[in-house]
Amino acid sequence: MGVRALFPGTFDPIHYGHIDIALRAARLFDELIVAVYDRPLKSLVFTPEDRIALAREAFRDHPNIQVMGYSVMTVDFCHQVGAQVIVRGLRVFSDFEFEFRMALANHRLAPEIEVMALITNEEHTFLSSSTVREIASLGGDTSSMVPPHVREALRRRFRELGEGQQIVPTTSLRD
């Protein structure tokens, strides 16, 4: 058996930054599991099933990437699926402190599981799921941020929710 890595996140929605990190990690490991967390402490636009389906579509042509949902601690899920490495992406300096603390906590819980951070490609440094959600909720163009199937899912979802639903935190994009 080769080395199996886990790339955890909420992926609400999955975007080109996530996809880039996953594809790069998949070149480094024999198998990559994109692990979609289903119980985050934040409000989400898509259900866990929707987020898993959108991620599976994004990686359908990559046989060494599989997508799975989970609802336990990430290190416990690593044990369940036999992953030896947790992959994380770093976009900006502020990500480092959060990821560093999380890596230390995970190391305390499971010292046998390594954490590896990949630096995002420059073109994705601005990209976050919350930015994508807000732009999509305002009817903006997300074509450079998400694959076509995700863009369509965002359009459908915001049509379903209707106008006036404040599910996306207000940022300067509204100003």
# chains A, B, ... in the order shown; residues from 1 in each chain; ligands from 1
$ select_by_dssp --residues "range 24-135 of chain A" --states "strand (DSSP E or B)" --output "count of residues only"
25
$ closest_atom_pairs --of "range 69-158 of chain A" --to "range 1-16 of chain A" --cutoff "6 Å" --atoms "only C-alpha atoms" --output "Markdown table"
| residue | atom | partner | partner_atom | distance |
| --- | --- | --- | --- | --- |
| A:Ala83 | CA | A:Arg4 | CA | 4.7 |
| A:Gln84 | CA | A:Ala5 | CA | 6.0 |
| A:Val85 | CA | A:Ala5 | CA | 4.6 |
| A:Ile86 | CA | A:Leu6 | CA | 4.9 |
| A:Val87 | CA | A:Phe7 | CA | 4.8 |
| A:Ser129 | CA | A:Pro13 | CA | 5.7 |
| A:Met145 | CA | A:Tyr16 | CA | 5.6 |
| A:Val146 | CA | A:His15 | CA | 4.5 |
$ write_last_selection --atoms "all heavy atoms" --output "PDB file, in the first residue's frame"
ATOM      1  N   ALA A  83      -5.206   7.206   6.306  1.00  0.00           N
ATOM      2  CA  ALA A  83      -4.406   8.311   5.759  1.00  0.00           C
ATOM      3  C   ALA A  83      -3.266   8.636   6.716  1.00  0.00           C
ATOM      4  O   ALA A  83      -3.468   8.722   7.928  1.00  0.00           O
ATOM      5  CB  ALA A  83      -5.277   9.542   5.531  1.00  0.00           C
ATOM      6  N   GLN A  84      -2.073   8.834   6.157  1.00  0.00           N
ATOM      7  CA  GLN A  84      -0.898   9.140   6.966  1.00  0.00           C
ATOM      8  C   GLN A  84      -0.564  10.631   6.971  1.00  0.00           C
ATOM      9  O   GLN A  84       0.263  11.083   7.747  1.00  0.00           O
ATOM     10  CB  GLN A  84       0.325   8.375   6.432  1.00  0.00           C
ATOM     11  CG  GLN A  84       0.173   6.878   6.453  1.00  0.00           C
ATOM     12  CD  GLN A  84      -0.258   6.313   5.094  1.00  0.00           C
ATOM     13  OE1 GLN A  84      -0.900   6.972   4.296  1.00  0.00           O
ATOM     14  NE2 GLN A  84       0.083   5.053   4.867  1.00  0.00           N
ATOM     15  N   VAL A  85      -1.207  11.395   6.061  1.00  0.00           N
ATOM     16  CA  VAL A  85      -0.875  12.807   5.885  1.00  0.00           C
ATOM     17  C   VAL A  85      -2.155  13.614   5.736  1.00  0.00           C
ATOM     18  O   VAL A  85      -3.093  13.181   5.062  1.00  0.00           O
ATOM     19  CB  VAL A  85       0.006  13.014   4.620  1.00  0.00           C
ATOM     20  CG1 VAL A  85       0.326  14.485   4.400  1.00  0.00           C
ATOM     21  CG2 VAL A  85       1.282  12.188   4.696  1.00  0.00           C
ATOM     22  N   ILE A  86      -2.173  14.786   6.363  1.00  0.00           N
ATOM     23  CA  ILE A  86      -3.239  15.774   6.147  1.00  0.00           C
ATOM     24  C   ILE A  86      -2.642  16.872   5.288  1.00  0.00           C
ATOM     25  O   ILE A  86      -1.591  17.433   5.625  1.00  0.00           O
ATOM     26  CB  ILE A  86      -3.749  16.370   7.479  1.00  0.00           C
ATOM     27  CG1 ILE A  86      -4.375  15.285   8.353  1.00  0.00           C
ATOM     28  CG2 ILE A  86      -4.740  17.511   7.213  1.00  0.00           C
ATOM     29  CD1 ILE A  86      -4.703  15.752   9.773  1.00  0.00           C
ATOM     30  N   VAL A  87      -3.298  17.182   4.184  1.00  0.00           N
ATOM     31  CA  VAL A  87      -2.850  18.236   3.273  1.00  0.00           C
ATOM     32  C   VAL A  87      -3.694  19.480   3.520  1.00  0.00           C
ATOM     33  O   VAL A  87      -4.924  19.400   3.603  1.00  0.00           O
ATOM     34  CB  VAL A  87      -3.003  17.793   1.799  1.00  0.00           C
ATOM     35  CG1 VAL A  87      -2.698  18.948   0.850  1.00  0.00           C
ATOM     36  CG2 VAL A  87      -2.116  16.596   1.506  1.00  0.00           C
ATOM     37  N   SER A 129     -14.008  30.313  -0.408  1.00  0.00           N
ATOM     38  CA  SER A 129     -15.400  29.923  -0.640  1.00  0.00           C
ATOM     39  C   SER A 129     -16.352  31.045  -0.261  1.00  0.00           C
ATOM     40  O   SER A 129     -17.362  31.265  -0.928  1.00  0.00           O
ATOM     41  CB  SER A 129     -15.734  28.652   0.134  1.00  0.00           C
ATOM     42  OG  SER A 129     -15.043  27.557  -0.417  1.00  0.00           O
ATOM     43  N   MET A 145     -13.444  31.503 -11.047  1.00  0.00           N
ATOM     44  CA  MET A 145     -13.238  31.018  -9.688  1.00  0.00           C
ATOM     45  C   MET A 145     -13.651  29.570  -9.475  1.00  0.00           C
ATOM     46  O   MET A 145     -13.091  28.891  -8.618  1.00  0.00           O
ATOM     47  CB  MET A 145     -14.030  31.887  -8.707  1.00  0.00           C
ATOM     48  CG  MET A 145     -13.664  33.342  -8.774  1.00  0.00           C
ATOM     49  SD  MET A 145     -14.807  34.323  -7.801  1.00  0.00           S
ATOM     50  CE  MET A 145     -14.492  35.928  -8.505  1.00  0.00           C
ATOM     51  N   VAL A 146     -14.660  29.118 -10.211  1.00  0.00           N
ATOM     52  CA  VAL A 146     -15.209  27.774 -10.021  1.00  0.00           C
ATOM     53  C   VAL A 146     -15.469  27.127 -11.371  1.00  0.00           C
ATOM     54  O   VAL A 146     -15.699  27.815 -12.366  1.00  0.00           O
ATOM     55  CB  VAL A 146     -16.526  27.809  -9.203  1.00  0.00           C
ATOM     56  CG1 VAL A 146     -16.285  28.330  -7.790  1.00  0.00           C
ATOM     57  CG2 VAL A 146     -17.601  28.614  -9.896  1.00  0.00           C
TER      58      VAL A 146
END
$ closest_residue --among "A:His62, A:Ile19, A:Val75, A:Glu152" --to "His124 in chain A" --atoms "only C-alpha atoms"
A:Ile19
$ closest_residue --among "A:Arg155, A:His18, A:His149, A:Arg56" --to "Ile135 in chain A" --atoms "only C-alpha atoms"
A:Arg155
$ atom_distance --atom1 "CA of Ser43 in chain A" --atom2 "CA of Met68 in chain A"
20.1 Å
$ closest_residue --among "A:Arg24, A:Tyr70, A:Arg39, A:Arg133" --to "Ile52 in chain A" --atoms "only C-alpha atoms"
A:Tyr70
$ select_by_dssp --residues "range 17-175 of chain A" --states "alpha helix (DSSP H)" --output "PyMOL selection string"
chain A and resi 17-28+48-58+74-81+93-109+129-137+148-161
$ residues_around --residues "range 106-110 of chain A" --least-positions-apart "2" --cutoff "10 Å" --atoms "only C-alpha atoms" --output "compact mmCIF listing (two decimals) with all heavy atoms, in the first residue's frame"
# COMPACT_ATOMS: atom_id res chain seq x y z
N MET A 73 -13.63 14.08 14.15
CA MET A 73 -12.39 14.84 14.10
C MET A 73 -11.56 14.36 12.91
O MET A 73 -11.56 13.17 12.59
CB MET A 73 -11.58 14.67 15.39
CG MET A 73 -12.11 15.47 16.54
SD MET A 73 -10.94 15.61 17.93
CE MET A 73 -10.48 13.92 18.20
N THR A 74 -10.86 15.28 12.30
CA THR A 74 -10.09 14.96 11.10
C THR A 74 -9.07 13.85 11.36
O THR A 74 -8.94 12.94 10.55
CB THR A 74 -9.41 16.22 10.55
OG1 THR A 74 -10.42 17.19 10.23
CG2 THR A 74 -8.59 15.93 9.31
N VAL A 75 -8.37 13.89 12.48
CA VAL A 75 -7.38 12.83 12.75
C VAL A 75 -8.06 11.48 12.94
O VAL A 75 -7.51 10.45 12.55
CB VAL A 75 -6.46 13.16 13.95
CG1 VAL A 75 -5.53 14.33 13.61
CG2 VAL A 75 -7.26 13.43 15.21
N ASP A 76 -9.28 11.48 13.51
CA ASP A 76 -10.02 10.22 13.64
C ASP A 76 -10.41 9.68 12.27
O ASP A 76 -10.35 8.48 12.01
CB ASP A 76 -11.26 10.40 14.52
CG ASP A 76 -10.90 10.62 15.98
OD1 ASP A 76 -9.77 10.30 16.38
OD2 ASP A 76 -11.77 11.13 16.71
N CYS A 78 -8.75 10.26 9.53
CA CYS A 78 -7.50 9.75 8.97
C CYS A 78 -7.28 8.31 9.40
O CYS A 78 -6.92 7.45 8.57
CB CYS A 78 -6.31 10.60 9.41
SG CYS A 78 -6.16 12.18 8.57
N HIS A 79 -7.48 8.03 10.67
CA HIS A 79 -7.33 6.66 11.16
C HIS A 79 -8.34 5.72 10.48
O HIS A 79 -7.97 4.60 10.10
CB HIS A 79 -7.51 6.60 12.68
CG HIS A 79 -6.36 7.19 13.43
ND1 HIS A 79 -6.53 8.07 14.48
CD2 HIS A 79 -5.02 7.06 13.27
CE1 HIS A 79 -5.34 8.42 14.94
NE2 HIS A 79 -4.42 7.84 14.21
N ILE A 86 -2.17 14.79 6.36
CA ILE A 86 -3.24 15.77 6.15
C ILE A 86 -2.64 16.87 5.29
O ILE A 86 -1.59 17.43 5.63
CB ILE A 86 -3.75 16.37 7.48
CG1 ILE A 86 -4.37 15.28 8.35
CG2 ILE A 86 -4.74 17.51 7.21
CD1 ILE A 86 -4.70 15.75 9.77
N PHE A 100 -1.11 26.61 11.47
CA PHE A 100 -0.05 26.20 12.40
C PHE A 100 -0.65 25.68 13.70
O PHE A 100 -0.28 24.61 14.19
CB PHE A 100 0.88 27.39 12.66
CG PHE A 100 2.05 27.07 13.53
CD1 PHE A 100 3.10 26.28 13.06
CD2 PHE A 100 2.12 27.58 14.82
CE1 PHE A 100 4.19 25.99 13.86
CE2 PHE A 100 3.21 27.29 15.63
CZ PHE A 100 4.25 26.50 15.16
N ARG A 101 -1.62 26.42 14.25
CA ARG A 101 -2.27 25.99 15.49
C ARG A 101 -3.02 24.67 15.29
O ARG A 101 -2.99 23.78 16.15
CB ARG A 101 -3.22 27.06 16.00
CG ARG A 101 -2.51 28.25 16.57
CD ARG A 101 -3.50 29.27 17.05
NE ARG A 101 -2.80 30.46 17.49
CZ ARG A 101 -3.31 31.37 18.27
NH1 ARG A 101 -4.55 31.22 18.73
NH2 ARG A 101 -2.62 32.42 18.62
N MET A 102 -3.71 24.55 14.16
CA MET A 102 -4.45 23.33 13.88
C MET A 102 -3.50 22.15 13.72
O MET A 102 -3.76 21.05 14.22
CB MET A 102 -5.29 23.50 12.62
CG MET A 102 -6.23 22.35 12.35
SD MET A 102 -7.47 22.10 13.63
CE MET A 102 -8.39 23.61 13.51
N ALA A 103 -2.37 22.36 13.06
CA ALA A 103 -1.38 21.29 12.89
C ALA A 103 -0.83 20.85 14.23
O ALA A 103 -0.66 19.65 14.48
CB ALA A 103 -0.25 21.76 11.96
N LEU A 104 -0.56 21.81 15.11
CA LEU A 104 -0.06 21.45 16.45
C LEU A 104 -1.10 20.66 17.23
O LEU A 104 -0.77 19.68 17.91
CB LEU A 104 0.35 22.71 17.22
CG LEU A 104 1.61 23.42 16.71
CD1 LEU A 104 1.82 24.72 17.49
CD2 LEU A 104 2.83 22.53 16.79
N GLU A 112 1.41 10.46 14.85
CA GLU A 112 1.83 9.65 13.71
C GLU A 112 1.31 10.20 12.38
O GLU A 112 1.73 9.74 11.31
CB GLU A 112 1.38 8.20 13.89
CG GLU A 112 -0.12 7.97 13.76
CD GLU A 112 -0.94 8.41 14.99
OE1 GLU A 112 -0.38 8.90 15.98
OE2 GLU A 112 -2.17 8.25 14.92
N ILE A 113 0.42 11.17 12.41
CA ILE A 113 -0.12 11.76 11.18
C ILE A 113 0.59 13.08 10.91
O ILE A 113 0.62 13.97 11.76
CB ILE A 113 -1.65 11.98 11.30
CG1 ILE A 113 -2.34 10.62 11.48
CG2 ILE A 113 -2.19 12.72 10.07
CD1 ILE A 113 -3.83 10.72 11.78
N GLU A 114 1.18 13.17 9.74
CA GLU A 114 1.89 14.39 9.36
C GLU A 114 0.94 15.39 8.73
O GLU A 114 -0.07 15.01 8.13
CB GLU A 114 3.01 14.07 8.36
CG GLU A 114 4.12 13.23 8.94
CD GLU A 114 4.89 13.93 10.06
OE1 GLU A 114 4.93 15.18 10.09
OE2 GLU A 114 5.44 13.21 10.91
N VAL A 115 1.27 16.67 8.84
CA VAL A 115 0.51 17.73 8.18
C VAL A 115 1.44 18.39 7.18
O VAL A 115 2.57 18.74 7.51
CB VAL A 115 -0.02 18.77 9.19
CG1 VAL A 115 -0.71 19.92 8.45
CG2 VAL A 115 -0.95 18.13 10.19
$ residues_around --residues "Glu123 in chain A" --least-positions-apart "6" --cutoff "12 Å" --atoms "only C-alpha atoms" --output "compact mmCIF listing (two decimals) with N, CA and C atoms, in the first residue's frame"
# COMPACT_ATOMS: atom_id res chain seq x y z
N TYR A 16 -11.47 26.77 -7.72
CA TYR A 16 -10.22 26.44 -8.40
C TYR A 16 -9.01 26.39 -7.46
N GLY A 17 -9.02 27.15 -6.38
CA GLY A 17 -7.92 27.06 -5.41
C GLY A 17 -7.87 25.70 -4.75
N ASP A 20 -6.75 23.10 -7.38
CA ASP A 20 -5.31 23.19 -7.62
C ASP A 20 -4.52 22.48 -6.52
N ARG A 91 -2.99 30.31 1.61
CA ARG A 91 -3.16 31.37 0.63
C ARG A 91 -2.40 32.62 1.03
N VAL A 92 -2.66 33.09 2.21
CA VAL A 92 -2.11 34.37 2.67
C VAL A 92 -1.49 34.18 4.05
N SER A 144 -14.18 32.59 -13.38
CA SER A 144 -12.73 32.42 -13.19
C SER A 144 -12.41 31.79 -11.85
N MET A 145 -13.44 31.50 -11.05
CA MET A 145 -13.24 31.02 -9.69
C MET A 145 -13.65 29.57 -9.48
$ residues_around --residues "Ile33 in chain A" --least-positions-apart "3" --cutoff "6 Å" --atoms "only C-alpha atoms" --output "list in words"
Leu6, Ile65, Gln66 and Val67 of chain A
